[in-house]
file final36.tsv (TSV, C-alpha atoms)
chain	number	residue	atom	x	y	z
A	1	MET	CA	119.07	95.28	140.42
A	2	ALA	CA	122.48	94.87	138.78
A	3	VAL	CA	122.90	95.88	135.20
A	4	ASP	CA	123.25	92.91	132.92
A	5	PRO	CA	126.89	92.68	131.79
A	6	LYS	CA	125.59	91.79	128.32
A	7	VAL	CA	124.04	95.25	128.08
A	8	ASP	CA	127.27	96.94	129.15
A	9	SER	CA	129.21	95.22	126.41
A	10	LEU	CA	126.88	96.39	123.66
A	11	ASP	CA	128.45	98.00	120.64
A	12	GLN	CA	127.53	101.62	121.42
A	13	LEU	CA	128.35	102.62	117.88
A	14	ILE	CA	125.34	100.81	116.47
A	15	HIS	CA	123.26	100.82	119.64
A	16	GLU	CA	122.41	104.44	118.80
A	17	ARG	CA	119.02	104.43	117.10
A	18	ARG	CA	119.88	106.34	113.90
A	19	ARG	CA	123.08	104.42	113.32
A	20	LEU	CA	121.26	101.16	113.97
A	21	GLY	CA	118.77	102.29	111.31
A	22	ILE	CA	121.50	102.97	108.76
A	23	VAL	CA	123.19	99.61	109.37
A	24	SER	CA	119.86	97.71	109.26
A	25	ALA	CA	118.76	99.41	106.04
A	26	LEU	CA	122.11	98.63	104.42
A	27	ALA	CA	121.96	95.02	105.59
A	28	ALA	CA	118.84	94.58	103.47
A	29	ASN	CA	120.42	96.02	100.32
A	30	GLU	CA	123.66	95.72	98.40
A	31	SER	CA	123.89	99.51	98.51
A	32	LEU	CA	121.66	102.55	99.01
A	33	THR	CA	122.08	106.14	97.88
A	34	PHE	CA	122.06	109.04	100.29
A	35	GLY	CA	118.55	109.96	99.12
A	36	GLU	CA	117.21	106.43	99.58
A	37	LEU	CA	118.67	106.14	103.08
A	38	LYS	CA	117.21	109.52	103.96
A	39	ALA	CA	113.75	108.43	102.79
A	40	VAL	CA	113.89	105.04	104.53
A	41	LEU	CA	115.04	106.51	107.84
A	42	LYS	CA	112.89	109.65	107.54
A	43	THR	CA	115.73	111.88	108.68
A	44	THR	CA	117.48	115.09	107.61
A	45	ASP	CA	120.59	115.58	105.45
A	46	GLY	CA	122.67	116.79	108.38
A	47	ASN	CA	121.63	114.02	110.72
A	48	LEU	CA	122.28	111.29	108.17
A	49	SER	CA	125.69	112.71	107.20
A	50	VAL	CA	126.88	112.90	110.80
A	51	HIS	CA	125.88	109.36	111.70
A	52	ALA	CA	126.97	107.84	108.39
A	53	ARG	CA	130.38	109.50	108.88
A	54	LYS	CA	130.76	107.87	112.31
A	55	LEU	CA	129.98	104.48	110.84
A	56	GLU	CA	132.38	105.14	107.98
A	57	ASP	CA	135.16	106.12	110.40
A	58	ALA	CA	134.61	102.88	112.30
A	59	GLY	CA	134.89	100.91	109.07
A	60	TYR	CA	131.30	99.63	109.30
A	61	VAL	CA	130.10	101.41	106.19
A	62	LYS	CA	131.76	102.00	102.84
A	63	VAL	CA	131.01	105.21	100.98
A	64	SER	CA	131.54	105.56	97.26
A	65	LYS	CA	131.15	108.88	95.56
A	66	GLY	CA	130.68	109.19	91.87
A	67	PHE	CA	128.80	110.99	89.18
A	68	GLU	CA	125.72	110.09	87.26
A	69	ASP	CA	124.44	112.35	84.53
A	70	ARG	CA	127.04	114.83	85.76
A	71	ARG	CA	125.38	114.98	89.18
A	72	PRO	CA	127.23	113.88	92.31
A	73	ARG	CA	126.01	110.62	93.74
A	74	THR	CA	126.89	109.11	97.10
A	75	GLU	CA	126.33	105.45	97.67
A	76	TYR	CA	126.57	103.56	100.95
A	77	SER	CA	127.13	99.88	101.55
A	78	LEU	CA	127.81	97.71	104.58
A	79	THR	CA	131.35	96.36	105.01
A	80	ASP	CA	132.06	92.85	106.32
A	81	LYS	CA	133.03	94.43	109.61
A	82	GLY	CA	129.70	96.30	109.74
A	83	ARG	CA	127.74	93.15	108.94
A	84	ARG	CA	129.55	91.22	111.68
A	85	ALA	CA	128.86	94.05	114.14
A	86	LEU	CA	125.14	93.95	113.31
A	87	GLU	CA	125.09	90.16	113.65
A	88	GLN	CA	126.76	90.37	117.06
A	89	TYR	CA	124.36	93.11	118.12
A	90	LEU	CA	121.39	91.00	117.00
A	91	ALA	CA	122.76	87.97	118.86
A	92	LYS	CA	123.08	90.03	122.04
A	93	MET	CA	119.58	91.44	121.74
A	94	GLU	CA	118.23	87.94	121.21
A	95	SER	CA	120.11	86.59	124.19
A	96	ILE	CA	118.69	89.37	126.40
A	97	VAL	CA	115.18	88.53	125.24
A	98	ASN	CA	115.74	84.80	125.70
A	99	SER	CA	117.33	85.06	129.13
A	100	THR	CA	114.39	87.15	130.37
A	101	ARG	CA	112.00	84.62	128.91
A	102	ASP	CA	113.85	81.81	130.70
A	103	ALA	CA	113.71	83.76	133.96
A	104	LEU	CA	109.96	84.27	133.57
A	105	GLU	CA	109.36	80.60	132.84
A	106	ARG	CA	111.38	79.42	135.82
B	107	MET	CA	118.31	104.41	138.35
B	108	PRO	CA	119.65	101.15	136.90
B	109	MET	CA	117.41	99.38	134.43
B	110	SER	CA	115.67	96.20	135.54
B	111	THR	CA	115.84	92.92	133.64
B	112	HIS	CA	112.35	93.61	132.45
B	113	ASP	CA	113.39	97.00	131.04
B	114	HIS	CA	116.31	95.39	129.21
B	115	HIS	CA	113.99	92.78	127.81
B	116	SER	CA	111.52	95.31	126.46
B	117	GLU	CA	114.29	97.53	125.09
B	118	ALA	CA	115.91	94.55	123.39
B	119	SER	CA	112.56	93.50	121.89
B	120	LYS	CA	111.97	97.04	120.65
B	121	ASN	CA	115.43	97.15	119.08
B	122	LEU	CA	114.86	93.85	117.33
B	123	ALA	CA	111.51	95.09	116.02
B	124	PHE	CA	113.15	98.32	114.86
B	125	ILE	CA	115.86	96.41	112.95
B	126	ARG	CA	113.26	94.19	111.32
B	127	GLU	CA	111.02	97.13	110.32
B	128	THR	CA	113.95	99.13	108.93
B	129	MET	CA	115.18	96.17	106.89
B	130	GLU	CA	111.70	95.57	105.54
B	131	SER	CA	111.07	99.15	104.53
B	132	ALA	CA	114.55	99.41	103.00
B	133	SER	CA	114.14	96.28	100.92
B	134	SER	CA	110.59	97.10	99.86
B	135	PHE	CA	111.73	100.32	98.35
B	136	THR	CA	110.06	100.81	95.03
B	137	ALA	CA	110.86	102.87	92.00
B	138	VAL	CA	107.12	103.13	91.36
B	139	SER	CA	105.92	106.59	92.28
B	140	GLY	CA	102.86	106.73	94.53
B	141	LEU	CA	102.02	110.24	93.41
B	142	GLY	CA	102.37	109.19	89.76
B	143	THR	CA	99.92	106.35	90.47
B	144	VAL	CA	97.47	108.85	92.02
B	145	ALA	CA	97.80	110.97	88.84
B	146	VAL	CA	97.01	107.86	86.75
B	147	GLY	CA	93.90	107.36	88.90
B	148	CYS	CA	92.77	110.93	88.24
B	149	VAL	CA	93.18	110.37	84.48
B	150	GLY	CA	91.10	107.18	84.86
B	151	LEU	CA	88.30	109.00	86.66
B	152	LEU	CA	88.32	111.82	84.11
B	153	ALA	CA	88.14	109.35	81.21
B	154	ALA	CA	85.24	107.49	82.86
B	155	TRP	CA	83.42	110.78	83.33
B	156	ILE	CA	83.88	111.77	79.66
B	157	ALA	CA	82.86	108.26	78.51
B	158	TRP	CA	79.78	108.20	80.74
B	159	PRO	CA	77.24	109.29	78.07
B	160	TYR	CA	78.40	106.42	75.81
B	161	GLY	CA	77.30	103.70	78.26
B	162	THR	CA	78.52	100.22	77.33
B	163	GLU	CA	79.90	101.36	73.98
B	164	THR	CA	83.41	102.00	75.45
B	165	PRO	CA	84.57	104.82	73.12
B	166	LEU	CA	88.19	104.23	72.04
B	167	GLY	CA	88.47	107.92	71.20
B	168	VAL	CA	88.35	108.58	74.95
B	169	TRP	CA	90.17	105.58	76.42
B	170	ILE	CA	93.17	105.37	74.07
B	171	PRO	CA	94.29	109.00	74.65
B	172	ALA	CA	93.58	108.45	78.36
B	173	ALA	CA	95.88	105.40	78.34
B	174	PHE	CA	98.73	107.42	76.81
B	175	LEU	CA	98.13	110.29	79.24
B	176	ALA	CA	98.18	107.80	82.13
B	177	LEU	CA	101.41	106.25	80.84
B	178	ALA	CA	102.98	109.70	80.62
B	179	SER	CA	101.83	110.59	84.17
B	180	ALA	CA	103.29	107.35	85.55
B	181	GLY	CA	106.53	107.93	83.64
B	182	ILE	CA	106.91	111.50	84.89
B	183	GLY	CA	106.06	110.41	88.47
B	184	ASN	CA	108.69	107.65	88.41
B	185	TRP	CA	111.27	109.97	86.89
B	186	VAL	CA	110.67	112.65	89.55
B	187	LYS	CA	110.89	110.05	92.33
B	188	ALA	CA	114.13	108.57	90.96
B	189	LYS	CA	115.58	112.07	90.67
B	190	ARG	CA	114.58	112.98	94.22
B	191	LEU	CA	116.01	109.78	95.69
B	192	ASP	CA	119.07	110.08	93.50
B	193	VAL	CA	118.72	106.61	92.02
B	194	PRO	CA	118.95	105.55	88.39
B	195	MET	CA	115.46	104.88	87.02
B	196	TRP	CA	116.36	102.05	84.69
B	197	THR	CA	117.50	99.63	87.40
B	198	GLY	CA	117.43	95.85	87.25
B	199	SER	CA	114.15	95.57	89.14
B	200	PHE	CA	112.52	98.24	87.00
B	201	ARG	CA	113.54	96.35	83.87
B	202	LYS	CA	112.08	93.14	85.29
B	203	MET	CA	108.87	94.98	86.14
B	204	ALA	CA	108.66	96.22	82.55
B	205	TRP	CA	109.05	92.63	81.33
B	206	GLY	CA	106.21	91.65	83.66
B	207	ILE	CA	103.70	94.22	82.49
B	208	VAL	CA	104.48	94.95	78.82
B	209	PRO	CA	103.41	91.56	77.35
B	210	ALA	CA	100.02	91.87	79.07
B	211	LEU	CA	99.60	95.40	77.70
B	212	LEU	CA	100.51	94.25	74.17
B	213	ALA	CA	97.99	91.43	74.41
B	214	GLY	CA	95.45	94.02	75.58
B	215	GLY	CA	96.21	96.18	72.55
B	216	ALA	CA	95.71	93.27	70.15
B	217	LEU	CA	92.47	92.20	71.82
B	218	THR	CA	91.19	95.78	71.71
B	219	LEU	CA	91.60	95.82	67.91
B	220	VAL	CA	89.99	92.42	67.43
B	221	LEU	CA	87.08	92.91	69.84
B	222	THR	CA	86.28	96.30	68.31
B	223	ARG	CA	86.38	94.85	64.81
B	224	GLU	CA	84.07	92.01	65.85
B	225	GLY	CA	81.63	94.48	67.39
B	226	ALA	CA	82.22	93.24	70.93
B	227	SER	CA	83.36	96.51	72.47
B	228	HIS	CA	81.20	95.80	75.53
B	229	LEU	CA	83.88	93.23	76.48
B	230	LEU	CA	86.68	95.81	76.42
B	231	PRO	CA	86.40	96.97	80.07
B	232	GLY	CA	86.76	93.39	81.35
B	233	THR	CA	89.60	92.65	78.95
B	234	TRP	CA	91.52	95.80	79.88
B	235	LEU	CA	91.02	95.43	83.61
B	236	SER	CA	91.95	91.75	83.76
B	237	LEU	CA	94.99	92.01	81.48
B	238	TYR	CA	96.25	95.13	83.26
B	239	GLY	CA	95.72	93.34	86.57
B	240	ALA	CA	97.65	90.28	85.38
B	241	GLY	CA	100.50	92.54	84.20
B	242	VAL	CA	100.65	94.57	87.41
B	243	ALA	CA	100.56	91.42	89.56
B	244	ALA	CA	103.44	89.96	87.52
B	245	ALA	CA	105.42	93.22	87.72
B	246	GLY	CA	104.70	93.37	91.44
B	247	THR	CA	106.77	90.20	91.96
B	248	PHE	CA	109.80	92.48	91.60
B	249	SER	CA	108.43	95.26	93.75
B	250	VAL	CA	106.39	96.03	96.84
B	251	ARG	CA	103.52	93.84	98.01
B	252	ALA	CA	101.04	96.69	97.47
B	253	LEU	CA	101.54	96.38	93.71
B	254	ARG	CA	100.81	92.65	93.71
B	255	TRP	CA	97.58	93.25	95.59
B	256	MET	CA	96.66	96.11	93.29
B	257	GLY	CA	97.12	93.73	90.34
B	258	LEU	CA	94.89	91.10	91.89
B	259	VAL	CA	92.15	93.65	92.62
B	260	PHE	CA	92.25	94.75	88.97
B	261	LEU	CA	92.09	91.11	87.88
B	262	GLY	CA	89.01	90.58	90.07
B	263	LEU	CA	87.29	93.68	88.70
B	264	GLY	CA	88.13	92.54	85.17
B	265	VAL	CA	86.60	89.11	85.64
B	266	LEU	CA	83.49	90.76	87.08
B	267	ALA	CA	83.32	93.12	84.08
B	268	LEU	CA	83.61	90.20	81.65
B	269	PHE	CA	80.62	88.52	83.25
B	270	ARG	CA	78.67	91.75	83.71
B	271	PRO	CA	79.51	93.99	80.71
B	272	ASP	CA	76.66	96.31	81.74
B	273	TRP	CA	78.77	97.29	84.77
B	274	GLY	CA	81.84	97.82	82.57
B	275	LEU	CA	82.09	101.58	82.77
B	276	VAL	CA	81.52	101.68	86.53
B	277	LEU	CA	84.18	99.01	87.03
B	278	LEU	CA	86.59	100.95	84.80
B	279	ALA	CA	86.04	104.01	86.98
B	280	VAL	CA	86.47	101.97	90.18
B	281	GLY	CA	89.61	100.24	88.87
B	282	PHE	CA	91.55	102.74	86.78
B	283	GLY	CA	90.30	105.60	88.95
B	284	GLY	CA	89.68	104.49	92.54
B	285	VAL	CA	92.12	101.59	92.92
B	286	HIS	CA	94.99	103.63	91.44
B	287	ILE	CA	94.29	106.55	93.77
B	288	VAL	CA	94.08	104.38	96.91
B	289	SER	CA	97.18	102.30	96.02
B	290	GLY	CA	99.05	105.45	95.01
B	291	ILE	CA	98.41	107.11	98.36
B	292	PHE	CA	99.53	103.93	100.15
B	293	ILE	CA	102.74	103.66	98.08
B	294	ALA	CA	103.50	107.36	98.56
B	295	ARG	CA	103.13	107.02	102.33
B	296	SER	CA	104.89	103.74	102.91
B	297	HIS	CA	107.41	103.42	100.12
B	298	GLY	CA	109.25	106.67	99.77
B	299	GLY	CA	106.91	108.92	97.77
call {"tool": "encode", "arguments": {"input": "final36.tsv", "output": "structure tokens"}}
result
Amino acid sequence: MAVDPKVDSLDQLIHERRRLGIVSALAANESLTFGELKAVLKTTDGNLSVHARKLEDAGYVKVSKGFEDRRPRTEYSLTDKGRRALEQYLAKMESIVNSTRDALER
Amino acid sequence: MPMSTHDHHSEASKNLAFIRETMESASSFTAVSGLGTVAVGCVGLLAAWIAWPYGTETPLGVWIPAAFLALASAGIGNWVKAKRLDVPMWTGSFRKMAWGIVPALLAGGALTLVLTREGASHLLPGTWLSLYGAGVAAAGTFSVRALRWMGLVFLGLGVLALFRPDWGLVLLAVGFGGVHIVSGIFIARSHGG
């Protein structure tokens, strides 16, 4: 069976499970700290840093570093580009689900 | 082997479910510490055990220090959680939660004085449980669903205790002890500690 062209054109950057998690968690909040993201996604420091960096490089996620009570604090938020990418990804996932449903009903 | 349409469908459904679950757990993040709530429950059980010989008298000498100890445990728990997650404790939602619960606690304080003075201390368990429940349910509007339910359970126990003052001490133990411990474990597991 041929691979659905819709699947081929998926945004691989957020198709990856951990990055999809980061983008989804940020879509539900104005911003999240490194610690909050880590707790929501149940992942390690290293893992989160690597994937968050990829999203930052792609311009999907904005990182702001600052200090609070003299302790470093890293905060992540979704950029407009990141939000659009998630919306497009969601639309594609929905269209895959719907087209299969249509095929089953036919 | 290429994936079939059916495989794509189930993968797409799983991805959609994953996005939804992640968004839900991220937005239901609470500053309330589950472990702190468990500690409050332990204080509640201890107080009920010490107050046991007094029966329906409801000794303030036991319950008032217990209330302050519980408040301190909750405060420390929340502070440790905020520190661990690297978030400021005094956030907007925490402030709103405080506005939800504090008026009910103040009303509870006033009623405690009046009921004790009027010799109606057998009504204290019901008053405390129902007012605390009303406060927690109100505060829960700005937090996770578990807190709202916890508030309603307390409210139910309080109403029961008002109608059956002879069960007061048992209901205090069930509420301030048991309900806190169960909700605390749930919050710790599902909402980040």
call {"tool": "closest_residue", "arguments": {"input": "final36.tsv", "among": "A:Ser77, A:Thr43, A:Thr33, A:Asn98", "to": "Gly59 of chain A", "atoms": "all atoms listed in the file"}}
result
A:Ser77
call {"tool": "closest_atom_pairs", "arguments": {"input": "final36.tsv", "of": "chain A", "to": "chain B", "cutoff": "9 Å", "atoms": "only C-alpha atoms", "output": "Markdown table"}}
result
| residue | atom | partner | partner_atom | distance |
| --- | --- | --- | --- | --- |
| A:Met1 | CA | B:Ser110 | CA | 6.0 |
| A:Ala2 | CA | B:Pro108 | CA | 7.1 |
| A:Val3 | CA | B:Pro108 | CA | 6.4 |
| A:Asp4 | CA | B:Thr111 | CA | 7.4 |
| A:Val7 | CA | B:His114 | CA | 7.8 |
| A:His15 | CA | B:Asn121 | CA | 8.7 |
| A:Arg17 | CA | B:Asn121 | CA | 8.4 |
| A:Leu20 | CA | B:Ile125 | CA | 7.3 |
| A:Gly21 | CA | B:Thr128 | CA | 6.2 |
| A:Ile22 | CA | B:Thr128 | CA | 8.5 |
| A:Val23 | CA | B:Ile125 | CA | 8.8 |
| A:Ser24 | CA | B:Met129 | CA | 5.5 |
| A:Ala25 | CA | B:Met129 | CA | 4.9 |
| A:Leu26 | CA | B:Ala132 | CA | 7.7 |
| A:Ala27 | CA | B:Met129 | CA | 7.0 |
| A:Ala28 | CA | B:Met129 | CA | 5.3 |
| A:Asn29 | CA | B:Ser133 | CA | 6.3 |
| A:Leu32 | CA | B:Val193 | CA | 8.6 |
| A:Thr33 | CA | B:Asp192 | CA | 6.6 |
| A:Phe34 | CA | B:Asp192 | CA | 7.5 |
| A:Gly35 | CA | B:Leu191 | CA | 4.3 |
| A:Glu36 | CA | B:Leu191 | CA | 5.3 |
| A:Leu37 | CA | B:Ala132 | CA | 7.9 |
| A:Lys38 | CA | B:Leu191 | CA | 8.4 |
| A:Ala39 | CA | B:Gly298 | CA | 5.7 |
| A:Val40 | CA | B:Ala132 | CA | 5.9 |
| A:Leu41 | CA | B:Thr128 | CA | 7.5 |
| A:Glu68 | CA | B:Pro194 | CA | 8.2 |
| A:Arg73 | CA | B:Asp192 | CA | 7.0 |
| A:Thr74 | CA | B:Asp192 | CA | 8.7 |
| A:Leu90 | CA | B:Leu122 | CA | 7.1 |
| A:Lys92 | CA | B:Ala118 | CA | 8.6 |
| A:Met93 | CA | B:Ala118 | CA | 5.1 |
| A:Glu94 | CA | B:Ala118 | CA | 7.3 |
| A:Ile96 | CA | B:His115 | CA | 6.0 |
| A:Val97 | CA | B:His115 | CA | 5.1 |
| A:Asn98 | CA | B:His115 | CA | 8.4 |
| A:Ser99 | CA | B:His115 | CA | 8.5 |
| A:Thr100 | CA | B:His115 | CA | 6.2 |
| A:Arg101 | CA | B:His115 | CA | 8.5 |
call {"tool": "atom_distance", "arguments": {"input": "final36.tsv", "atom1": "atom CA of His286 of chain B", "atom2": "atom CA of Leu230 of chain B"}}
result
18.9 Å
call {"tool": "atom_distance", "arguments": {"input": "final36.tsv", "atom1": "atom CA of Val265 of chain B", "atom2": "atom CA of Val144 of chain B"}}
result
23.4 Å
call {"tool": "atom_distance", "arguments": {"input": "final36.tsv", "atom1": "atom CA of Arg18 of chain A", "atom2": "atom CA of Arg83 of chain A"}}
result
16.1 Å
call {"tool": "residues_near_point", "arguments": {"input": "final36.tsv", "point": "(91.2, 95.3, 86.8)", "cutoff": "7 Å", "atoms": "all atoms listed in the file", "output": "list in words"}}
result
Trp234, Leu235, Ser236, Tyr238, Gly239, Val259, Phe260, Leu261, Gly262, Leu263, Gly264 and Gly281 of chain B
call {"tool": "closest_residue", "arguments": {"input": "final36.tsv", "among": "A:Lys42, A:Arg71, A:Lys65, A:Lys54", "to": "Gln12 of chain A", "atoms": "only C-alpha atoms"}}
result
A:Lys54
call {"tool": "axis_aligned_box", "arguments": {"input": "final36.tsv", "around": "segment 265-274 of chain B", "padding_each_side": "6 Å", "output": "lines of an AutoDock Vina configuration file"}}
result
center_x = 81.6
center_y = 93.2
center_z = 83.9
size_x = 21.9
size_y = 21.3
size_z = 18.4
call {"tool": "residues_around", "arguments": {"input": "final36.tsv", "residues": "Ile207 of chain B", "least_positions_apart": "4", "cutoff": "8 Å", "atoms": "all atoms listed in the file", "output": "ChimeraX atom specification"}}
result
/B:203,211,238,240-242,244-245
call {"tool": "closest_residue", "arguments": {"input": "final36.tsv", "among": "B:Trp273, B:Trp169, B:Tyr160, B:Phe248", "to": "Lys202 of chain B", "atoms": "all atoms listed in the file"}}
result
B:Phe248
call {"tool": "closest_residue", "arguments": {"input": "final36.tsv", "among": "B:Gly225, B:Gly142, B:Gly181, B:Gly147", "to": "Ile287 of chain B", "atoms": "all atoms listed in the file"}}
result
B:Gly147
call {"tool": "closest_residue", "arguments": {"input": "final36.tsv", "among": "A:Leu10, A:Glu105, A:Ser31, A:Leu78", "to": "Leu55 of chain A", "atoms": "only C-alpha atoms"}}
result
A:Leu78
call {"tool": "build_atoms", "arguments": {"input": "final36.tsv", "residues": "segment 219-228 of chain B", "atoms": "all heavy atoms", "output": "compact mmCIF listing (two decimals), in the frame of the given file"}}
result
# COMPACT_ATOMS: atom_id res chain seq x y z
N LEU B 219 91.85 95.73 69.35
CA LEU B 219 91.60 95.82 67.91
C LEU B 219 90.60 94.77 67.46
O LEU B 219 89.61 95.06 66.78
CB LEU B 219 92.90 95.62 67.14
CG LEU B 219 93.93 96.75 67.23
CD1 LEU B 219 95.21 96.38 66.49
CD2 LEU B 219 93.33 98.03 66.63
N VAL B 220 90.83 93.53 67.89
CA VAL B 220 89.99 92.42 67.43
C VAL B 220 88.56 92.54 67.96
O VAL B 220 87.58 92.41 67.20
CB VAL B 220 90.62 91.06 67.85
CG1 VAL B 220 89.69 89.91 67.51
CG2 VAL B 220 91.96 90.88 67.18
N LEU B 221 88.43 92.82 69.24
CA LEU B 221 87.08 92.91 69.84
C LEU B 221 86.29 94.06 69.22
O LEU B 221 85.08 93.93 68.98
CB LEU B 221 87.17 93.08 71.36
CG LEU B 221 87.63 91.85 72.15
CD1 LEU B 221 87.83 92.19 73.62
CD2 LEU B 221 86.63 90.70 72.00
N THR B 222 86.98 95.17 68.93
CA THR B 222 86.28 96.30 68.31
C THR B 222 85.82 95.92 66.91
O THR B 222 84.69 96.21 66.51
CB THR B 222 87.22 97.54 68.25
OG1 THR B 222 87.77 97.74 69.55
CG2 THR B 222 86.47 98.79 67.84
N ARG B 223 86.72 95.25 66.17
CA ARG B 223 86.38 94.85 64.81
C ARG B 223 85.20 93.87 64.79
O ARG B 223 84.36 93.88 63.91
CB ARG B 223 87.61 94.20 64.15
CG ARG B 223 87.60 94.30 62.64
CD ARG B 223 88.76 93.57 62.04
NE ARG B 223 88.81 92.17 62.46
CZ ARG B 223 89.86 91.38 62.27
NH1 ARG B 223 90.96 91.87 61.71
NH2 ARG B 223 89.84 90.13 62.65
N GLU B 224 85.15 93.01 65.79
CA GLU B 224 84.07 92.01 65.85
C GLU B 224 82.80 92.57 66.49
O GLU B 224 81.86 91.83 66.75
CB GLU B 224 84.53 90.79 66.68
CG GLU B 224 85.75 90.08 66.13
CD GLU B 224 85.48 89.40 64.78
OE1 GLU B 224 84.39 88.83 64.62
OE2 GLU B 224 86.36 89.47 63.90
N GLY B 225 82.81 93.85 66.80
CA GLY B 225 81.63 94.48 67.39
C GLY B 225 81.36 94.07 68.83
O GLY B 225 80.22 94.05 69.28
N ALA B 226 82.42 93.68 69.54
CA ALA B 226 82.22 93.24 70.93
C ALA B 226 82.86 94.23 71.90
O ALA B 226 83.50 93.83 72.88
CB ALA B 226 82.80 91.84 71.11
N SER B 227 82.66 95.52 71.63
CA SER B 227 83.36 96.51 72.47
C SER B 227 82.85 96.52 73.91
O SER B 227 83.52 97.06 74.79
CB SER B 227 83.25 97.91 71.85
OG SER B 227 81.91 98.32 71.85
N HIS B 228 81.68 95.88 74.15
CA HIS B 228 81.20 95.80 75.53
C HIS B 228 82.10 94.91 76.38
O HIS B 228 82.04 94.94 77.60
CB HIS B 228 79.75 95.29 75.56
CG HIS B 228 79.60 93.91 75.00
ND1 HIS B 228 79.72 93.65 73.65
CD2 HIS B 228 79.38 92.72 75.61
CE1 HIS B 228 79.56 92.35 73.45
NE2 HIS B 228 79.36 91.77 74.61
